[in-house]
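Here is my_file.cif, consisting of mmCIF, C-alpha atoms:
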data_my_file
#
loop_
_atom_site.group_PDB
_atom_site.id
_atom_site.type_symbol
_atom_site.label_atom_id
_atom_site.label_comp_id
_atom_site.auth_asym_id
_atom_site.auth_seq_id
_atom_site.Cartn_x
_atom_site.Cartn_y
_atom_site.Cartn_z
ATOM 1 C CA MET Z 1 13.438 138.919 45.867
ATOM 2 C CA TYR Z 2 11.847 141.640 47.943
ATOM 3 C CA ASN Z 3 10.674 143.481 44.803
ATOM 4 C CA MET Z 4 9.020 140.336 43.296
ATOM 5 C CA HIS Z 5 7.056 139.647 46.439
ATOM 6 C CA ASN Z 6 5.878 143.259 46.502
ATOM 7 C CA THR Z 7 4.660 143.040 42.854
ATOM 8 C CA GLN Z 8 2.575 139.868 43.542
ATOM 9 C CA ARG Z 9 0.699 141.568 46.393
ATOM 10 C CA ALA Z 10 -0.054 144.536 44.193
ATOM 11 C CA GLN Z 11 -1.549 142.265 41.487
ATOM 12 C CA ALA Z 12 -3.812 140.538 43.984
ATOM 13 C CA ALA Z 13 -5.011 143.888 45.286
ATOM 14 C CA VAL Z 14 -5.799 145.149 41.754
ATOM 15 C CA ALA Z 15 -7.716 141.945 40.895
ATOM 16 C CA ASP Z 16 -9.732 142.307 44.106
ATOM 17 C CA LEU Z 17 -10.398 145.909 43.246
ATOM 18 C CA PHE Z 18 -11.776 144.983 39.813
ATOM 19 C CA ILE Z 19 -13.924 142.200 41.243
ATOM 20 C CA GLY Z 20 -15.144 144.562 43.945
ATOM 21 C CA ILE Z 21 -16.016 147.293 41.448
ATOM 22 C CA PHE Z 22 -17.751 144.788 39.157
ATOM 23 C CA LEU Z 23 -19.872 143.393 41.985
ATOM 24 C CA PHE Z 24 -20.611 146.859 43.296
ATOM 25 C CA LEU Z 25 -21.899 147.813 39.842
ATOM 26 C CA ILE Z 26 -24.166 144.747 39.823
ATOM 27 C CA VAL Z 27 -25.646 145.693 43.201
ATOM 28 C CA PHE Z 28 -25.921 149.337 42.175
ATOM 29 C CA ALA Z 29 -27.707 148.389 38.936
ATOM 30 C CA ALA Z 30 -30.086 146.142 40.884
ATOM 31 C CA MET Z 31 -30.808 148.983 43.328
ATOM 32 C CA MET Z 32 -31.463 151.460 40.518
ATOM 33 C CA ALA Z 33 -33.778 149.013 38.757
ATOM 34 C CA MET Z 34 -35.672 148.431 42.002
ATOM 35 C CA TRP Z 35 -35.865 152.175 42.671
ATOM 36 C CA ASN Z 36 -37.305 152.859 39.219
ATOM 37 C CA THR Z 37 -39.815 150.010 39.472
ATOM 38 C CA SER Z 38 -40.930 151.075 42.948
ATOM 39 C CA ALA Z 39 -41.240 154.747 41.952
ATOM 40 C CA ALA Z 40 -43.356 153.848 38.907
ATOM 41 C CA ARG Z 41 -45.519 151.512 40.976
ATOM 42 C CA LEU Z 42 -45.989 154.121 43.707
ATOM 43 C CA SER Z 43 -46.975 156.730 41.138
ATOM 44 C CA ASP Z 44 -49.514 154.342 39.567
ATOM 45 C CA ASP Z 45 -50.828 153.451 43.012
ATOM 46 C CA VAL Z 46 -51.325 157.108 43.993
ATOM 47 C CA ALA Z 47 -53.114 157.828 40.701
ATOM 48 C CA TYR Z 48 -55.302 154.741 41.109
ATOM 49 C CA ARG Z 49 -56.292 155.601 44.680
ATOM 50 C CA GLU Z 50 -57.131 159.163 43.680
ATOM 51 C CA MET Z 51 -59.340 157.870 40.875
ATOM 52 C CA GLN Z 52 -60.901 155.374 43.264
ATOM 53 C CA GLN Z 53 -61.710 158.128 45.761
ATOM 54 C CA HIS Z 54 -63.321 160.219 43.013
ATOM 55 C CA ALA Z 55 -65.386 157.252 41.831
ATOM 56 C CA PHE Z 56 -66.683 156.403 45.310
ATOM 57 C CA GLN Z 57 -67.516 160.039 46.126
ATOM 58 C CA ILE Z 58 -69.327 160.669 42.834
ATOM 59 C CA ALA Z 59 -71.301 157.425 43.058
ATOM 60 C CA ASP Z 60 -72.218 158.248 46.665
ATOM 61 C CA PHE Z 61 -73.391 161.717 45.678
ATOM 62 C CA LEU Z 62 -75.390 160.445 42.705
ATOM 63 C CA VAL Z 63 -77.385 157.902 44.704
ATOM 64 C CA LYS Z 64 -77.822 159.808 47.979
ATOM 65 C CA HIS Z 65 -78.159 163.464 47.036
ATOM 66 C CA PRO Z 66 -80.783 165.265 44.946
ATOM 67 C CA GLY Z 67 -78.120 167.624 43.596
ATOM 68 C CA ILE Z 68 -77.315 171.316 43.868
ATOM 69 C CA PRO Z 69 -79.689 173.059 43.562
ATOM 70 C CA GLY Z 70 -82.204 170.472 44.745
ATOM 71 C CA GLN Z 71 -84.484 171.031 41.755
ATOM 72 C CA TRP Z 72 -81.685 171.336 39.226
ATOM 73 C CA LYS Z 73 -82.140 171.693 35.501
ATOM 74 C CA ALA Z 74 -79.593 171.527 32.691
ATOM 75 C CA ASP Z 75 -79.166 175.326 32.678
ATOM 76 C CA ASN Z 76 -78.685 175.875 36.441
ATOM 77 C CA VAL Z 77 -77.046 172.684 37.696
ATOM 78 C CA THR Z 78 -73.993 173.012 39.922
ATOM 79 C CA ILE Z 79 -73.684 169.311 40.785
ATOM 80 C CA ALA Z 80 -76.160 166.720 39.589
ATOM 81 C CA GLY Z 81 -77.531 164.257 42.105
ATOM 82 C CA LEU Z 82 -80.119 161.666 41.155
ATOM 83 C CA GLY Z 83 -82.160 161.007 44.276
ATOM 84 C CA ARG Z 84 -82.234 160.496 48.011
ATOM 85 C CA ASP Z 85 -81.175 157.495 50.064
ATOM 86 C CA ARG Z 86 -80.623 155.338 46.947
ATOM 87 C CA GLU Z 87 -84.069 156.064 45.477
ATOM 88 C CA LEU Z 88 -83.370 157.531 42.044
ATOM 89 C CA ASP Z 89 -85.708 160.127 40.602
ATOM 90 C CA ALA Z 90 -86.532 159.056 37.012
ATOM 91 C CA ALA Z 91 -86.939 162.710 35.928
ATOM 92 C CA LYS Z 92 -83.444 163.536 37.231
ATOM 93 C CA VAL Z 93 -81.994 160.485 35.514
ATOM 94 C CA ALA Z 94 -83.503 161.750 32.236
ATOM 95 C CA LEU Z 95 -82.040 165.216 32.862
ATOM 96 C CA PHE Z 96 -78.671 163.695 33.703
ATOM 97 C CA LEU Z 97 -78.630 161.790 30.415
ATOM 98 C CA ASN Z 98 -79.136 165.047 28.527
ATOM 99 C CA LEU Z 99 -76.278 166.959 30.180
ATOM 100 C CA SER Z 100 -73.275 167.619 27.939
ATOM 101 C CA GLU Z 101 -70.018 165.723 28.455
ATOM 102 C CA GLN Z 102 -68.305 168.992 29.459
ATOM 103 C CA GLN Z 103 -70.970 169.643 32.102
ATOM 104 C CA VAL Z 104 -70.613 166.174 33.617
ATOM 105 C CA LEU Z 105 -66.805 166.193 33.608
ATOM 106 C CA GLY Z 106 -66.698 169.747 34.947
ATOM 107 C CA MET Z 107 -69.255 169.425 37.752
ATOM 108 C CA TYR Z 108 -67.522 166.363 39.232
ATOM 109 C CA ARG Z 109 -64.035 167.719 38.452
ATOM 110 C CA ILE Z 110 -62.997 164.629 36.544
ATOM 111 C CA GLN Z 111 -61.693 166.289 33.382
ATOM 112 C CA SER Z 112 -58.557 164.165 33.533
ATOM 113 C CA TYR Z 113 -60.587 160.931 33.371
ATOM 114 C CA ASN Z 114 -63.060 159.249 31.094
ATOM 115 C CA TYR Z 115 -66.158 157.697 32.547
ATOM 116 C CA SER Z 116 -69.048 155.398 31.869
ATOM 117 C CA TRP Z 117 -72.288 155.352 33.828
ATOM 118 C CA GLN Z 118 -75.107 152.892 33.477
ATOM 119 C CA LEU Z 119 -78.239 151.663 35.117
ATOM 120 C CA GLU Z 120 -79.035 147.966 34.912
ATOM 121 C CA SER Z 121 -82.018 145.969 36.015
ATOM 122 C CA ALA Z 122 -81.435 143.459 38.820
ATOM 123 C CA ALA Z 123 -81.337 140.785 36.073
ATOM 124 C CA GLY Z 124 -78.468 142.603 34.353
ATOM 125 C CA ALA Z 125 -80.234 144.236 31.380
ATOM 126 C CA VAL Z 126 -78.914 147.727 30.629
ATOM 127 C CA LEU Z 127 -81.720 150.246 31.212
ATOM 128 C CA THR Z 128 -79.842 153.401 30.340
ATOM 129 C CA ALA Z 129 -76.240 154.535 29.995
ATOM 130 C CA ARG Z 130 -73.923 157.399 29.166
ATOM 131 C CA GLY Z 131 -70.174 157.897 28.750
ATOM 132 C CA PHE Z 132 -67.731 155.547 27.085
ATOM 133 C CA PRO Z 133 -66.743 151.997 28.062
ATOM 134 C CA SER Z 134 -63.292 151.626 29.577
ATOM 135 C CA GLN Z 135 -60.425 151.410 27.099
ATOM 136 C CA GLY Z 136 -57.637 152.623 29.369
ATOM 137 C CA ASN Z 137 -54.853 151.128 31.434
ATOM 138 C CA GLN Z 138 -56.448 151.948 34.760
ATOM 139 C CA SER Z 139 -60.104 151.852 35.687
ATOM 140 C CA VAL Z 140 -62.186 151.922 38.859
ATOM 141 C CA SER Z 141 -65.732 150.636 38.838
ATOM 142 C CA VAL Z 142 -68.224 151.296 41.628
ATOM 143 C CA THR Z 143 -71.452 149.323 41.793
ATOM 144 C CA ARG Z 144 -74.442 150.546 43.798
ATOM 145 C CA VAL Z 145 -77.843 148.998 44.434
ATOM 146 C CA VAL Z 146 -80.602 151.570 43.962
ATOM 147 C CA MET Z 147 -84.354 151.811 43.562
ATOM 148 C CA TYR Z 148 -85.356 153.036 40.101
ATOM 149 C CA ASN Z 149 -89.016 153.305 39.173
ATOM 150 C CA GLU Z 150 -89.749 151.502 42.466
ATOM 151 C CA THR Z 151 -87.733 148.488 41.343
ATOM 152 C CA PRO Z 152 -84.271 147.409 42.500
ATOM 153 C CA ALA Z 153 -81.589 148.287 39.966
ATOM 154 C CA ILE Z 154 -77.815 148.430 39.718
ATOM 155 C CA MET Z 155 -75.982 151.697 39.087
ATOM 156 C CA ARG Z 156 -72.450 151.259 37.797
ATOM 157 C CA LEU Z 157 -69.955 154.120 37.538
ATOM 158 C CA THR Z 158 -66.542 153.526 35.973
ATOM 159 C CA LEU Z 159 -63.723 156.052 35.852
ATOM 160 C CA TRP Z 160 -60.813 155.210 33.573
ATOM 161 C CA GLN Z 161 -57.722 156.731 32.029
ATOM 162 C CA MET O 1 -5.648 135.957 50.912
ATOM 163 C CA GLY O 2 -6.910 137.529 47.695
ATOM 164 C CA PHE O 3 -9.223 134.559 47.026
ATOM 165 C CA VAL O 4 -10.708 134.665 50.536
ATOM 166 C CA PHE O 5 -11.284 138.395 50.178
ATOM 167 C CA SER O 6 -13.176 137.813 46.875
ATOM 168 C CA MET O 7 -15.316 135.112 48.494
ATOM 169 C CA ASP O 8 -16.223 137.635 51.204
ATOM 170 C CA ILE O 9 -17.312 140.114 48.535
ATOM 171 C CA ILE O 10 -19.383 137.496 46.721
ATOM 172 C CA ILE O 11 -21.130 136.507 49.959
ATOM 173 C CA ALA O 12 -21.721 140.183 50.812
ATOM 174 C CA VAL O 13 -23.139 140.868 47.342
ATOM 175 C CA GLY O 14 -25.319 137.759 47.637
ATOM 176 C CA PHE O 15 -26.728 139.063 50.912
ATOM 177 C CA ALA O 16 -27.237 142.541 49.450
ATOM 178 C CA LEU O 17 -29.163 141.124 46.464
ATOM 179 C CA LEU O 18 -31.179 138.876 48.767
ATOM 180 C CA LEU O 19 -32.142 141.893 50.901
ATOM 181 C CA LEU O 20 -33.119 143.812 47.770
ATOM 182 C CA ILE O 21 -35.332 140.937 46.588
ATOM 183 C CA ILE O 22 -36.991 140.693 50.028
ATOM 184 C CA ALA O 23 -37.524 144.482 50.116
ATOM 185 C CA GLN O 24 -39.026 144.344 46.622
ATOM 186 C CA GLY O 25 -41.400 141.620 47.805
ATOM 187 C CA PHE O 26 -42.580 143.771 50.731
ATOM 188 C CA LEU O 27 -43.044 146.808 48.479
ATOM 189 C CA SER O 28 -45.193 144.884 46.012
ATOM 190 C CA VAL O 29 -47.600 143.699 48.725
ATOM 191 C CA SER O 30 -50.002 146.580 49.170
ATOM 192 C CA GLU O 31 -53.549 145.967 50.352
ATOM 193 C CA ASP O 32 -56.335 147.256 48.183
ATOM 194 C CA PRO O 33 -59.128 148.348 50.540
ATOM 195 C CA SER O 34 -61.589 148.937 47.685
ATOM 196 C CA SER O 35 -63.243 145.494 47.876
ATOM 197 C CA LEU O 36 -64.193 146.027 51.532
ATOM 198 C CA LEU O 37 -65.269 149.619 50.794
ATOM 199 C CA GLN O 38 -67.393 148.322 47.928
ATOM 200 C CA ALA O 39 -68.845 145.608 50.185
ATOM 201 C CA GLY O 40 -69.749 148.224 52.803
ATOM 202 C CA ARG O 41 -71.586 150.369 50.267
ATOM 203 C CA MET O 42 -73.262 147.311 48.805
ATOM 204 C CA GLY O 43 -74.526 146.176 52.216
ATOM 205 C CA SER O 44 -75.853 149.618 53.077
ATOM 206 C CA ASP O 45 -77.547 149.909 49.647
ATOM 207 C CA ILE O 46 -79.176 146.478 49.917
ATOM 208 C CA VAL O 47 -80.623 147.184 53.352
ATOM 209 C CA ALA O 48 -81.915 150.562 52.090
ATOM 210 C CA ALA O 49 -83.520 148.793 49.106
ATOM 211 C CA LEU O 50 -85.149 146.244 51.440
ATOM 212 C CA ASP O 51 -86.531 149.143 53.465
ATOM 213 C CA HIS O 52 -87.789 151.070 50.403
ATOM 214 C CA GLN O 53 -89.365 147.910 48.936
ATOM 215 C CA GLY O 54 -91.261 147.415 52.190
ATOM 216 C CA ALA O 55 -89.721 143.994 52.807
ATOM 217 C CA LEU O 56 -88.326 144.921 56.244
ATOM 218 C CA ASP O 57 -91.703 146.323 57.226
ATOM 219 C CA THR O 58 -93.319 142.880 56.880
ATOM 220 C CA LEU O 59 -91.039 141.292 59.506
ATOM 221 C CA ASP O 60 -91.657 138.100 57.542
ATOM 222 C CA GLU O 61 -88.524 135.961 57.506
ATOM 223 C CA ASP O 62 -89.281 134.226 54.183
ATOM 224 C CA GLU O 63 -90.237 137.441 52.383
ATOM 225 C CA ILE O 64 -87.134 139.267 53.582
ATOM 226 C CA ALA O 65 -84.949 136.257 52.699
ATOM 227 C CA ASP O 66 -86.405 136.126 49.155
ATOM 228 C CA ALA O 67 -85.905 139.861 48.637
ATOM 229 C CA LEU O 68 -82.385 139.601 50.017
ATOM 230 C CA GLU O 69 -81.509 136.739 47.683
ATOM 231 C CA GLU O 70 -82.604 138.816 44.689
ATOM 232 C CA LEU O 71 -80.479 141.771 45.710
ATOM 233 C CA VAL O 72 -77.206 140.253 46.890
ATOM 234 C CA PRO O 73 -74.759 139.814 43.974
ATOM 235 C CA GLY O 74 -73.221 136.371 43.508
ATOM 236 C CA ASN O 75 -69.797 137.392 44.793
ATOM 237 C CA TYR O 76 -71.117 138.567 48.165
ATOM 238 C CA ARG O 77 -72.734 136.872 51.150
ATOM 239 C CA MET O 78 -74.923 138.680 53.659
ATOM 240 C CA ARG O 79 -76.570 138.170 57.015
ATOM 241 C CA LEU O 80 -79.281 140.278 58.655
ATOM 242 C CA GLU O 81 -80.148 140.391 62.347
ATOM 243 C CA ILE O 82 -83.368 142.288 62.987
ATOM 244 C CA ILE O 83 -84.697 143.289 66.356
ATOM 245 C CA THR O 84 -87.719 145.484 66.992
ATOM 246 C CA GLU O 85 -88.557 147.657 69.954
ATOM 247 C CA GLY O 86 -91.550 145.367 70.502
ATOM 248 C CA GLY O 87 -89.174 142.438 71.047
ATOM 249 C CA GLU O 88 -89.378 140.569 67.737
ATOM 250 C CA GLY O 89 -86.113 139.090 66.501
ATOM 251 C CA LEU O 90 -85.133 137.634 63.124
ATOM 252 C CA GLU O 91 -81.906 136.178 61.782
ATOM 253 C CA ILE O 92 -81.719 135.881 58.002
ATOM 254 C CA GLY O 93 -79.003 134.847 55.573
ATOM 255 C CA GLU O 94 -75.693 133.059 55.743
ATOM 256 C CA GLU O 95 -73.701 132.212 58.850
ATOM 257 C CA ILE O 96 -70.874 134.674 59.481
ATOM 258 C CA PRO O 97 -67.548 133.084 58.469
ATOM 259 C CA ALA O 98 -65.112 132.332 61.277
ATOM 260 C CA ALA O 99 -62.224 134.031 59.468
ATOM 261 C CA GLY O 100 -61.774 136.811 56.940
ATOM 262 C CA GLU O 101 -62.822 140.414 56.600
ATOM 263 C CA LEU O 102 -66.433 141.520 56.704
ATOM 264 C CA PHE O 103 -68.278 144.802 56.849
ATOM 265 C CA SER O 104 -71.099 145.506 59.283
ATOM 266 C CA GLY O 105 -73.599 148.324 59.674
ATOM 267 C CA ARG O 106 -77.007 149.225 61.057
ATOM 268 C CA ARG O 107 -80.178 150.841 59.818
ATOM 269 C CA VAL O 108 -83.235 151.874 61.781
ATOM 270 C CA PHE O 109 -86.605 151.346 60.129
ATOM 271 C CA ALA O 110 -90.261 151.870 60.961
ATOM 272 C CA VAL O 111 -92.756 149.016 61.119
ATOM 273 C CA THR O 112 -96.103 150.264 59.867
ATOM 274 C CA ASP O 113 -99.605 148.958 60.334
ATOM 275 C CA GLY O 114 -102.305 150.453 58.114
ATOM 276 C CA GLY O 115 -100.082 153.414 57.283
ATOM 277 C CA GLU O 116 -99.400 154.181 60.952
ATOM 278 C CA ILE O 117 -96.048 153.565 62.599
ATOM 279 C CA ALA O 118 -96.590 150.595 64.915
ATOM 280 C CA ASP O 119 -93.022 149.769 65.932
ATOM 281 C CA TYR O 120 -89.359 150.534 65.253
ATOM 282 C CA GLY O 121 -86.716 148.050 64.256
ATOM 283 C CA ILE O 122 -82.965 147.922 63.925
ATOM 284 C CA VAL O 123 -81.409 145.793 61.243
ATOM 285 C CA GLN O 124 -77.774 144.890 61.750
ATOM 286 C CA TYR O 125 -76.208 143.659 58.534
ATOM 287 C CA TYR O 126 -73.001 141.794 57.862
ATOM 288 C CA ILE O 127 -71.590 141.497 54.353
ATOM 289 C CA TRP O 128 -68.465 139.785 53.087
ATOM 290 C CA VAL O 129 -66.927 138.754 49.806
ATOM 291 C CA ASN O 130 -67.706 135.178 48.910
ATOM 292 C CA GLY O 131 -64.784 132.797 48.719
#

Go ahead and express the file in the form of structure tokens.
Amino acid sequence: MYNMHNTQRAQAAVADLFIGIFLFLIVFAAMMAMWNTSAARLSDDVAYREMQQHAFQIADFLVKHPGIPGQWKADNVTIAGLGRDRELDAAKVALFLNLSEQQVLGMYRIQSYNYSWQLESAAGAVLTARGFPSQGNQSVSVTRVVMYNETPAIMRLTLWQ
Amino acid sequence: MGFVFSMDIIIAVGFALLLLIIAQGFLSVSEDPSSLLQAGRMGSDIVAALDHQGALDTLDEDEIADALEELVPGNYRMRLEIITEGGEGLEIGEEIPAAGELFSGRRVFAVTDGGEIADYGIVQYYIWVNG
């Protein structure tokens, strides 16, 4: 009688153990899935914010700074700027369009991205453009209002990867 | 006793999963400040364009309002408050919304008369995303 009672308790304990392990595995699997999702999302978020920062800084430089050196040409340009205080210099825009892809990617240190740059009239007609339209998973587009040939225009810079 | 113990585990696991779901919800809510950053740049650019076009210089409410309407994209709303050193004051554009985020900035400009600087003005701008 004593032995039988002892055996029944042991069975209950083993069943509880299996249920406990099974449920623990469910929770553990859920935690691992959440960890992986969060890590991937965080990584994407960091990459996106870095790209965003690049896009804002480059667009800011293009519309506010004449470049380095101030009277830059294709053969001596360190960083191309297009004007001062959002007034674009048409001659610098023409020079900028003739720079090689390697020069543009190198001077702004965006070799790991693709980019597209375009100037539009206030009505939305494309005046001039360079780069390639976004085909990637992530893209950041910065829109700036500028004066081009003494007329308001829209400058759009998109970084994508 | 064994059954009660299992119920305890199920309740505990339920709570653990619920906490995980809530934590996941918090992690997925991350604010993207880029729209406000973009609005700030847009507002600053538009006021600069108004200055370069000579619209601010006129201190003409209708002319500035027309120029502003041409420049502000459809997804933004903007308000200008202009005050000059000579005491002129203008308020142009939409009413500032009671709630929501907006970006504000200032620009100083010269009021000219026959090519000579006659006065100085400060334009305070407010810009926010429509909707």

- Message: Please list, as a ChimeraX atom specification, the residues that have an atom at most 6 Å away from (-78.0, 150.2, 61.2) in the coordinates of this file, counting only C-alpha atoms.
- Response: /O:105-108,123-124

Near stretch 18-31 of chain Z, within 8 Å and counting all atoms listed in the file, which residues show up once chain neighbours fewer than 5 positions away are dropped, as a ChimeraX atom specification?
/O:6,9-10,13,16-17,20

task: Evaluate the PyMOL selection byres ((chain O and resi 62-79) around 9) and record the selected residues as a VMD selection string, following the chain and residue labels used in the document.
output: (chain Z and resid 122 to 123 145 152 to 153) or (chain O and resid 39 42 to 43 46 to 47 49 to 50 53 55 to 56 58 to 61 80 to 81 91 to 96 124 to 131)

Spell out the residues picked by the PyMOL selection byres ((chain Z) within 10 of (chain O)) here, as an MDAnalysis selection string.
chainID Z and resid 9 11:17 19:20 23:24 26:28 30:31 34:35 37:38 41:42 45 49 52:53 56 60 63 85:87 122:123 140:147 150:154

Exercise. Applied to the shown file, which residues does the PyMOL selection byres ((chain Z and resi 112) around 12) return, written as a list in words?
Worked result: Ala47, Glu50, Met51, His54, Gln102, Leu105, Gly106, Tyr108, Arg109, Ile110, Gln111, Tyr113, Asn114, Tyr115, Leu159, Trp160 and Gln161 of chain Z

*Expected residue set, 8 Å radius at (-68.5, 156.2, 31.8), all atoms listed in the file, as a ChimeraX atom specification*: /Z:114-118,130-134,157-160

Notebook entry, point to check: Which residues come within 12 Å of stretch 115-118 of chain O, counting all atoms listed in the file, excluding same-chain residues fewer than 6 positions away, as a ChimeraX atom specification?
Noted result: /O:54,57-58,84-86,109

Generate a file of the selected residues that holds C-alpha atoms, formatted as a compact mmCIF listing (two decimals), in the frame of the given file.
# COMPACT_ATOMS: atom_id res chain seq x y z
CA GLY O 54 -91.26 147.42 52.19
CA ASP O 57 -91.70 146.32 57.23
CA THR O 58 -93.32 142.88 56.88
CA THR O 84 -87.72 145.48 66.99
CA GLU O 85 -88.56 147.66 69.95
CA GLY O 86 -91.55 145.37 70.50
CA PHE O 109 -86.60 151.35 60.13

Pairwise distance, atom CA of O:Ala110 with atom CA of Z:Pro66, equals 22.9 Å

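Going from atom CA of Z:Glu101 over to atom CA of Z:Tyr148, you cover 23.1 Å.
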
Expected axis-aligned box over every listed atom of stretch 65-80 of chain O, 3 Å added per side, centre plus edges in Å to one decimal, as lines of an AutoDock Vina configuration file:
center_x = -78.1
center_y = 138.9
center_z = 51.1
size_x = 22.6
size_y = 11.6
size_z = 21.1

Export stretch 17-83 of chain Z, C-alpha atoms, as a CSV table (one decimal), in the first residue's frame; it's the structure right above.
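And here's part.csv as it stands now:
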chain,number,residue,atom,x,y,z
Z,17,LEU,CA,7.8,18.2,-15.2
Z,18,PHE,CA,7.0,17.4,-18.9
Z,19,ILE,CA,4.3,20.1,-19.0
Z,20,GLY,CA,6.7,22.5,-17.3
Z,21,ILE,CA,9.4,21.8,-19.8
Z,22,PHE,CA,7.0,22.0,-22.8
Z,23,LEU,CA,5.7,25.4,-21.6
Z,24,PHE,CA,9.2,26.7,-20.9
Z,25,LEU,CA,10.2,25.8,-24.4
Z,26,ILE,CA,7.2,27.7,-25.8
Z,27,VAL,CA,8.2,30.8,-23.8
Z,28,PHE,CA,11.8,30.4,-24.7
Z,29,ALA,CA,11.0,30.1,-28.4
Z,30,ALA,CA,8.8,33.2,-28.1
Z,31,MET,CA,11.6,35.1,-26.4
Z,32,MET,CA,14.2,34.0,-29.1
Z,33,ALA,CA,11.8,35.0,-31.9
Z,34,MET,CA,11.3,38.4,-30.3
Z,35,TRP,CA,15.0,38.8,-29.7
Z,36,ASN,CA,15.8,38.1,-33.4
Z,37,THR,CA,13.0,40.4,-34.6
Z,38,SER,CA,14.1,43.2,-32.3
Z,39,ALA,CA,17.8,42.8,-33.2
Z,40,ALA,CA,17.0,42.9,-37.0
Z,41,ARG,CA,14.7,45.9,-36.5
Z,42,LEU,CA,17.3,47.8,-34.4
Z,43,SER,CA,20.0,47.1,-37.0
Z,44,ASP,CA,17.7,48.4,-39.8
Z,45,ASP,CA,16.8,51.4,-37.7
Z,46,VAL,CA,20.5,52.3,-37.1
Z,47,ALA,CA,21.3,51.9,-40.8
Z,48,TYR,CA,18.3,54.1,-41.7
Z,49,ARG,CA,19.1,56.8,-39.3
Z,50,GLU,CA,22.7,56.9,-40.5
Z,51,MET,CA,21.5,57.2,-44.1
Z,52,GLN,CA,19.1,59.9,-43.1
Z,53,GLN,CA,21.8,61.9,-41.4
Z,54,HIS,CA,24.0,61.6,-44.5
Z,55,ALA,CA,21.1,62.8,-46.7
Z,56,PHE,CA,20.3,65.8,-44.5
Z,57,GLN,CA,23.9,66.9,-44.2
Z,58,ILE,CA,24.7,66.5,-47.9
Z,59,ALA,CA,21.5,68.4,-49.0
Z,60,ASP,CA,22.3,71.1,-46.4
Z,61,PHE,CA,25.8,71.5,-47.8
Z,62,LEU,CA,24.7,71.5,-51.4
Z,63,VAL,CA,22.2,74.3,-51.0
Z,64,LYS,CA,24.1,76.5,-48.4
Z,65,HIS,CA,27.7,76.1,-49.3
Z,66,PRO,CA,29.6,77.1,-52.4
Z,67,GLY,CA,31.9,74.1,-52.0
Z,68,ILE,CA,35.6,73.5,-51.2
Z,69,PRO,CA,37.4,75.2,-52.8
Z,70,GLY,CA,34.9,78.0,-53.2
Z,71,GLN,CA,35.6,78.3,-57.0
Z,72,TRP,CA,35.8,74.5,-57.5
Z,73,LYS,CA,36.2,72.8,-60.9
Z,74,ALA,CA,36.0,69.1,-61.8
Z,75,ASP,CA,39.8,68.7,-61.4
Z,76,ASN,CA,40.3,70.4,-58.0
Z,77,VAL,CA,37.0,69.8,-56.2
Z,78,THR,CA,37.2,68.5,-52.6
Z,79,ILE,CA,33.5,68.8,-51.8
Z,80,ALA,CA,31.0,70.2,-54.3
Z,81,GLY,CA,28.6,72.8,-53.0
Z,82,LEU,CA,26.1,74.5,-55.3
Z,83,GLY,CA,25.4,78.0,-53.9
